[in-house]
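Peer 1: The structure that follows is given in the form of structure tokens.
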Amino acid sequence: MSDLVTGDAVVLGLRPARVPSRALAIVLDLLVYFVGYTVITIGLVYSTASLDEAARAAVMVASFVLVLVGVPIAIETLSHGRSLGKLACGLRVVRDDGGPIRFRHALVRGAMGVVELLATFGSVACIASLVSARGRRLGDVFAGTLVIRERVPAARVMPVPPPPPWLAGRFAGLDLSAVPEGLWMAIRQYLTRMNQLDPQVGAAMAARLANDLVARTGAPAPAGVPAAAFLMAVVHERQSRDAAKAFRPAGPVPVAMPGAGPVPAPVPGPAPMHGPGPMPMPGPVVAPAPVAPVAPVEVRAPRTGGFAPPA
């Protein structure tokens with residue numbers, strides 16, 4: 001696993017490609033390019049038969065540079081690091097910070113590839129990849145790029161850490177309907193990877209996410225609750241509500257209210273008649289006792305100035 005870190009101090013789970021997979025991708029690319037170069041060369045031989053030797057040599061050199069140097073650079077630039085061979089092997093070229101490559105990165109890699117791959121038959125690139133800790137050849141070192149594996153086994157979903165016991169049920173009255181899914185995803189990603197962050201950066205990110213969550217819920221920030229613990233408790237509350245909705249019975253469930261007396265049993269309807277004879281009279285219908293409406297209780301924490309990152 002690569003130890004690449006973004007500007008927000010988030011560790012990227014990138015898997016650098018090793019020599020066998022990169023060699024296979026290069027062989028597939030060269031095979032396609034040489035087939036294309038052969039077809040173009042045959043066409044140029046017939047089309048430039050009337051030219052002199054110097055002109056035909058210049059055309060051949062230009063076609064060689066165009067097909068074996070220009071085409072790979074154009075393909076890597078337009079596909080953001082996925083050539084035909086890399087696409088078949090599940091590889092991709094990215095920058096050192098994990099972003100997509102641009103034309104200058106593909107140009108440096110293509111220019112160095114003429115020496116590493118074509119002139120030395122790949123021996124220099126193979127040695128450089130074996131020496132490098134992340135399997136980079138010289139073109140990657142000078143261009144600031146890295147070849148990674150895109151098709152990797154699915155990673156296990158990391159669970160959100162549980163909140164402190166003293167926060168259990170404290171935020172049951174929060175209105176979470178206005179919180180967007182993007183904010184929930186950002187909070188979950190932070191909570192599952194907060195142990196990999198720098199403490200100061202992680203605390204600042206927790207304060208920012210907690211303030212965004214407080215602004216969406218409309219409730220004041222709770223006093224004396226750390227930002228990370230607040231996020232854990234709210235996420236746990238949302239998971240509890242989702243689980244309750246998923247396992248809620250289909251029909252209405254009668255609830256006994258204090259002081260309202262026992263809940264009356266459902267009254268069955270009249271039984272169907274079987275054969276001749278008088279129809280039995282239904283029993284007396286007992287009306288349910290009226291239930292007084294109960295106003296919802298809103299839980300509000302004491303008003304504070306919000307979460308503040310550490311100094």
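Each chain in the structure tokens gets a letter, A, B and so on, in the order shown; residues start at 1 in every chain, and ligands are counted from 1 in the order they appear.
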What lies within 10 Å of A:Ser63 using only C-alpha atoms, ignoring chain neighbours under 4 positions off, as a VMD selection string?
Peer 2: chain A and resid 37 40 to 41 44 57 to 59 67 to 70
Peer 1: Counting only C-alpha atoms, what is within 12 Å of A:Arg95, bar same-chain residues fewer than 6 positions away, as a ChimeraX atom specification?
Peer 2: /A:4-6,14,16,80-81,101-106,109,136,140-148
Peer 1: Just the selected residues (N, CA, C and O atoms), exported as a compact mmCIF listing (two decimals), in the first residue's frame, please.
Peer 2:
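Everything below was put into part13.txt:
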# COMPACT_ATOMS: atom_id res chain seq x y z
N LEU A 4 0.93 7.69 0.04
CA LEU A 4 0.70 9.01 -0.50
C LEU A 4 -0.26 9.77 0.39
O LEU A 4 -1.23 9.22 0.91
N VAL A 5 -0.02 11.07 0.57
CA VAL A 5 -0.83 11.91 1.44
C VAL A 5 -1.23 13.14 0.65
O VAL A 5 -0.41 13.77 -0.01
N THR A 6 -2.52 13.49 0.69
CA THR A 6 -3.01 14.66 -0.01
C THR A 6 -2.75 15.92 0.80
O THR A 6 -2.21 15.88 1.90
N LEU A 14 -3.52 3.79 -2.35
CA LEU A 14 -3.11 3.43 -3.70
C LEU A 14 -2.14 2.25 -3.66
O LEU A 14 -1.29 2.17 -2.78
N PRO A 16 0.77 0.61 -5.72
CA PRO A 16 1.68 0.75 -6.86
C PRO A 16 1.78 -0.56 -7.64
O PRO A 16 1.78 -1.65 -7.06
N HIS A 80 -6.04 10.07 -19.51
CA HIS A 80 -5.61 10.35 -18.14
C HIS A 80 -4.82 9.18 -17.55
O HIS A 80 -5.05 8.74 -16.42
N GLY A 81 -3.86 8.67 -18.34
CA GLY A 81 -2.93 7.67 -17.83
C GLY A 81 -3.31 6.24 -18.10
O GLY A 81 -2.67 5.33 -17.56
N ILE A 101 -2.81 12.67 -14.60
CA ILE A 101 -1.66 13.28 -15.27
C ILE A 101 -2.13 14.22 -16.36
O ILE A 101 -3.27 14.16 -16.81
N ARG A 102 -1.23 15.10 -16.76
CA ARG A 102 -1.49 16.04 -17.85
C ARG A 102 -0.47 15.80 -18.97
O ARG A 102 0.28 14.85 -18.95
N PHE A 103 -0.51 16.71 -19.97
CA PHE A 103 0.33 16.53 -21.15
C PHE A 103 1.80 16.54 -20.81
O PHE A 103 2.58 15.75 -21.35
N ARG A 104 2.21 17.40 -19.89
CA ARG A 104 3.64 17.49 -19.58
C ARG A 104 4.13 16.20 -18.91
O ARG A 104 5.26 15.79 -19.15
N HIS A 105 3.30 15.57 -18.11
CA HIS A 105 3.70 14.31 -17.50
C HIS A 105 3.84 13.22 -18.56
O HIS A 105 4.82 12.46 -18.57
N ALA A 106 2.86 13.16 -19.48
CA ALA A 106 2.94 12.15 -20.54
C ALA A 106 4.10 12.43 -21.49
O ALA A 106 4.73 11.49 -22.00
N ARG A 109 7.34 11.20 -19.76
CA ARG A 109 7.38 9.74 -19.73
C ARG A 109 7.63 9.17 -21.12
O ARG A 109 8.36 8.20 -21.29
N ARG A 136 8.90 2.58 -9.72
CA ARG A 136 8.90 3.63 -10.73
C ARG A 136 10.13 3.53 -11.61
O ARG A 136 11.24 3.28 -11.13
N ASP A 140 9.00 7.95 -14.76
CA ASP A 140 8.11 8.32 -13.66
C ASP A 140 8.81 9.23 -12.66
O ASP A 140 8.18 10.14 -12.09
N VAL A 141 10.08 8.99 -12.42
CA VAL A 141 10.82 9.82 -11.46
C VAL A 141 10.92 11.26 -11.96
O VAL A 141 10.67 12.22 -11.22
N PHE A 142 11.27 11.43 -13.24
CA PHE A 142 11.43 12.78 -13.78
C PHE A 142 10.08 13.47 -13.99
O PHE A 142 9.99 14.69 -13.88
N ALA A 143 9.04 12.70 -14.30
CA ALA A 143 7.72 13.30 -14.53
C ALA A 143 6.93 13.48 -13.25
O ALA A 143 5.91 14.18 -13.25
N GLY A 144 7.36 12.86 -12.15
CA GLY A 144 6.60 12.95 -10.91
C GLY A 144 5.31 12.15 -10.96
O GLY A 144 4.27 12.63 -10.49
N THR A 145 5.38 10.94 -11.54
CA THR A 145 4.18 10.11 -11.69
C THR A 145 4.39 8.76 -11.02
O THR A 145 5.48 8.43 -10.56
N LEU A 146 3.32 7.99 -11.00
CA LEU A 146 3.33 6.67 -10.38
C LEU A 146 2.29 5.82 -11.09
O LEU A 146 1.20 6.28 -11.39
N VAL A 147 2.65 4.57 -11.37
CA VAL A 147 1.72 3.62 -11.99
C VAL A 147 1.08 2.81 -10.87
O VAL A 147 1.78 2.17 -10.08
N ILE A 148 -0.24 2.84 -10.80
CA ILE A 148 -0.96 2.17 -9.73
C ILE A 148 -1.88 1.10 -10.32
O ILE A 148 -2.14 1.06 -11.53
Peer 1: Determine which residues of stretch 71-264 of chain A receive a DSSP assignment of strand (DSSP E), computed from the backbone, and state them as a ChimeraX atom specification.
Peer 2: /A:91-95,145-149
Peer 1: Neighbouring residues of A:Leu87 were defined as those with any atom within 12 Å, considering only C-alpha atoms; residues of the same chain fewer than 6 positions away were excluded. Please report them as a PyMOL selection string.
Peer 2: chain A and resi 21-22+24-26+28-29+75-76+79-81+93+147-151
Peer 1: What would the file look like if the residues just selected were written as an mmCIF file, in the first residue's frame with N, CA and C atoms?
Peer 2:
data_model
loop_
_atom_site.group_PDB
_atom_site.id
_atom_site.type_symbol
_atom_site.label_atom_id
_atom_site.label_comp_id
_atom_site.auth_asym_id
_atom_site.auth_seq_id
_atom_site.Cartn_x
_atom_site.Cartn_y
_atom_site.Cartn_z
ATOM 1 N N SER A 21 3.303 -6.824 -13.880
ATOM 2 C CA SER A 21 2.118 -6.247 -14.504
ATOM 3 C C SER A 21 2.474 -5.087 -15.418
ATOM 4 N N ARG A 22 3.466 -4.283 -15.023
ATOM 5 C CA ARG A 22 3.881 -3.179 -15.888
ATOM 6 C C ARG A 22 4.554 -3.684 -17.145
ATOM 7 N N LEU A 24 3.953 -6.536 -18.670
ATOM 8 C CA LEU A 24 2.903 -7.053 -19.543
ATOM 9 C C LEU A 24 2.156 -5.929 -20.246
ATOM 10 N N ALA A 25 1.870 -4.850 -19.529
ATOM 11 C CA ALA A 25 1.182 -3.720 -20.145
ATOM 12 C C ALA A 25 2.039 -3.068 -21.221
ATOM 13 N N ILE A 26 3.348 -2.955 -20.968
ATOM 14 C CA ILE A 26 4.242 -2.352 -21.972
ATOM 15 C C ILE A 26 4.336 -3.237 -23.202
ATOM 16 N N LEU A 28 2.056 -5.286 -24.364
ATOM 17 C CA LEU A 28 0.811 -5.138 -25.123
ATOM 18 C C LEU A 28 0.774 -3.811 -25.876
ATOM 19 N N ASP A 29 1.216 -2.732 -25.221
ATOM 20 C CA ASP A 29 1.253 -1.437 -25.901
ATOM 21 C C ASP A 29 2.194 -1.470 -27.107
ATOM 22 N N ILE A 75 -2.317 9.247 -26.259
ATOM 23 C CA ILE A 75 -3.261 8.323 -25.615
ATOM 24 C C ILE A 75 -3.232 8.498 -24.102
ATOM 25 N N GLU A 76 -2.042 8.602 -23.499
ATOM 26 C CA GLU A 76 -1.967 8.773 -22.049
ATOM 27 C C GLU A 76 -2.545 10.117 -21.610
ATOM 28 N N SER A 79 -6.541 9.844 -22.177
ATOM 29 C CA SER A 79 -7.167 8.839 -21.304
ATOM 30 C C SER A 79 -6.798 9.023 -19.848
ATOM 31 N N HIS A 80 -6.039 10.069 -19.515
ATOM 32 C CA HIS A 80 -5.610 10.348 -18.136
ATOM 33 C C HIS A 80 -4.818 9.177 -17.548
ATOM 34 N N GLY A 81 -3.857 8.670 -18.337
ATOM 35 C CA GLY A 81 -2.934 7.665 -17.828
ATOM 36 C C GLY A 81 -3.308 6.238 -18.103
ATOM 37 N N VAL A 93 -1.656 5.516 -14.774
ATOM 38 C CA VAL A 93 -0.598 6.445 -14.397
ATOM 39 C C VAL A 93 -1.232 7.652 -13.724
ATOM 40 N N VAL A 147 2.650 4.569 -11.373
ATOM 41 C CA VAL A 147 1.721 3.621 -11.989
ATOM 42 C C VAL A 147 1.083 2.806 -10.873
ATOM 43 N N ILE A 148 -0.242 2.842 -10.800
ATOM 44 C CA ILE A 148 -0.965 2.167 -9.730
ATOM 45 C C ILE A 148 -1.880 1.103 -10.316
ATOM 46 N N ARG A 149 -2.353 0.249 -9.437
ATOM 47 C CA ARG A 149 -3.334 -0.774 -9.804
ATOM 48 C C ARG A 149 -4.728 -0.240 -9.510
ATOM 49 N N GLU A 150 -5.567 -0.251 -10.544
ATOM 50 C CA GLU A 150 -6.951 0.208 -10.364
ATOM 51 C C GLU A 150 -7.879 -0.915 -9.951
ATOM 52 N N ARG A 151 -7.700 -2.095 -10.513
ATOM 53 C CA ARG A 151 -8.558 -3.226 -10.176
ATOM 54 C C ARG A 151 -7.920 -4.012 -9.050
#
Peer 1: Would you kindly return, as an MDAnalysis selection string, each protein, DNA or RNA residue with an atom no farther than 12 Å from any atom of A:Leu30, considering only C-alpha atoms and excluding same-chain residues fewer than 3 positions away?
Peer 2: chainID A and resid 23:27 33:38 67:69 71:72 83:86 113:114 117:118 121:122
Peer 1: Can I get the selected residues back with N, CA, C and O atoms, as a short mmCIF file (atom, residue, chain, number, x, y, z; two decimals), in the first residue's frame?
Peer 2:
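Result file follows (result.cif):
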data_model
loop_
_atom_site.label_atom_id
_atom_site.label_comp_id
_atom_site.auth_asym_id
_atom_site.auth_seq_id
_atom_site.Cartn_x
_atom_site.Cartn_y
_atom_site.Cartn_z
N ALA A 23 5.34 -4.73 -17.04
CA ALA A 23 6.00 -5.30 -18.23
C ALA A 23 4.97 -5.86 -19.19
O ALA A 23 5.08 -5.68 -20.42
N LEU A 24 3.95 -6.54 -18.67
CA LEU A 24 2.90 -7.05 -19.54
C LEU A 24 2.16 -5.93 -20.25
O LEU A 24 1.84 -6.02 -21.45
N ALA A 25 1.87 -4.85 -19.53
CA ALA A 25 1.18 -3.72 -20.15
C ALA A 25 2.04 -3.07 -21.22
O ALA A 25 1.53 -2.70 -22.29
N ILE A 26 3.35 -2.96 -20.97
CA ILE A 26 4.24 -2.35 -21.97
C ILE A 26 4.34 -3.24 -23.20
O ILE A 26 4.34 -2.75 -24.35
N VAL A 27 4.39 -4.55 -23.00
CA VAL A 27 4.46 -5.46 -24.14
C VAL A 27 3.20 -5.36 -24.99
O VAL A 27 3.27 -5.33 -26.24
N TYR A 33 1.42 -0.84 -31.05
CA TYR A 33 2.09 0.25 -31.77
C TYR A 33 2.90 -0.28 -32.95
O TYR A 33 2.90 0.34 -34.02
N PHE A 34 3.58 -1.40 -32.78
CA PHE A 34 4.38 -1.94 -33.88
C PHE A 34 3.50 -2.46 -35.01
O PHE A 34 3.86 -2.35 -36.18
N VAL A 35 2.34 -3.01 -34.67
CA VAL A 35 1.42 -3.42 -35.73
C VAL A 35 0.92 -2.20 -36.50
O VAL A 35 0.88 -2.20 -37.74
N GLY A 36 0.56 -1.15 -35.76
CA GLY A 36 0.16 0.07 -36.44
C GLY A 36 1.28 0.69 -37.26
O GLY A 36 1.05 1.18 -38.37
N TYR A 37 2.51 0.65 -36.71
CA TYR A 37 3.65 1.20 -37.45
C TYR A 37 3.93 0.39 -38.71
O TYR A 37 4.27 0.96 -39.77
N THR A 38 3.77 -0.92 -38.64
CA THR A 38 4.00 -1.76 -39.83
C THR A 38 2.99 -1.46 -40.92
O THR A 38 3.33 -1.35 -42.10
N VAL A 67 4.30 7.43 -34.50
CA VAL A 67 3.56 6.25 -34.04
C VAL A 67 4.08 5.77 -32.70
O VAL A 67 3.30 5.46 -31.78
N LEU A 68 5.39 5.69 -32.52
CA LEU A 68 5.96 5.09 -31.32
C LEU A 68 6.23 6.09 -30.20
O LEU A 68 6.52 5.67 -29.07
N VAL A 69 6.15 7.38 -30.47
CA VAL A 69 6.37 8.39 -29.43
C VAL A 69 5.15 9.30 -29.29
O VAL A 69 4.64 9.51 -28.18
N VAL A 71 1.97 8.97 -30.53
CA VAL A 71 0.70 8.31 -30.23
C VAL A 71 0.60 7.89 -28.76
O VAL A 71 -0.43 8.12 -28.12
N PRO A 72 1.65 7.27 -28.16
CA PRO A 72 1.53 6.95 -26.72
C PRO A 72 1.33 8.18 -25.84
O PRO A 72 0.57 8.12 -24.86
N SER A 83 -3.35 3.69 -21.03
CA SER A 83 -3.12 3.24 -22.39
C SER A 83 -3.85 1.92 -22.61
O SER A 83 -4.51 1.38 -21.71
N LEU A 84 -3.72 1.36 -23.80
CA LEU A 84 -4.42 0.12 -24.11
C LEU A 84 -3.91 -1.03 -23.24
O LEU A 84 -4.69 -1.81 -22.69
N GLY A 85 -2.58 -1.14 -23.11
CA GLY A 85 -2.02 -2.20 -22.28
C GLY A 85 -2.36 -2.03 -20.81
O GLY A 85 -2.67 -2.99 -20.11
N LYS A 86 -2.29 -0.80 -20.32
CA LYS A 86 -2.62 -0.54 -18.91
C LYS A 86 -4.11 -0.76 -18.65
O LYS A 86 -4.49 -1.24 -17.58
N GLY A 113 10.82 7.17 -22.29
CA GLY A 113 10.54 5.81 -22.73
C GLY A 113 11.29 5.42 -23.98
O GLY A 113 11.55 4.23 -24.21
N VAL A 114 11.66 6.40 -24.82
CA VAL A 114 12.47 6.08 -26.00
C VAL A 114 13.80 5.49 -25.60
O VAL A 114 14.30 4.53 -26.22
N LEU A 117 12.84 2.12 -22.91
CA LEU A 117 12.10 0.98 -23.45
C LEU A 117 12.54 0.57 -24.84
O LEU A 117 12.70 -0.63 -25.12
N LEU A 118 12.74 1.54 -25.72
CA LEU A 118 13.04 1.21 -27.11
C LEU A 118 14.53 1.03 -27.35
O LEU A 118 14.96 0.02 -27.93
N PHE A 121 15.76 -1.86 -24.97
CA PHE A 121 14.86 -3.02 -24.92
C PHE A 121 14.29 -3.24 -23.51
O PHE A 121 14.10 -4.36 -23.07
N GLY A 122 14.04 -2.14 -22.81
CA GLY A 122 13.40 -2.22 -21.51
C GLY A 122 14.29 -2.58 -20.34
O GLY A 122 13.80 -2.71 -19.21
#
Peer 1: Counting only C-alpha atoms, which residue out of A:Val214, A:Val39, A:Ala168, A:Ala88 sits closest to A:His236?
Peer 2: A:Ala168
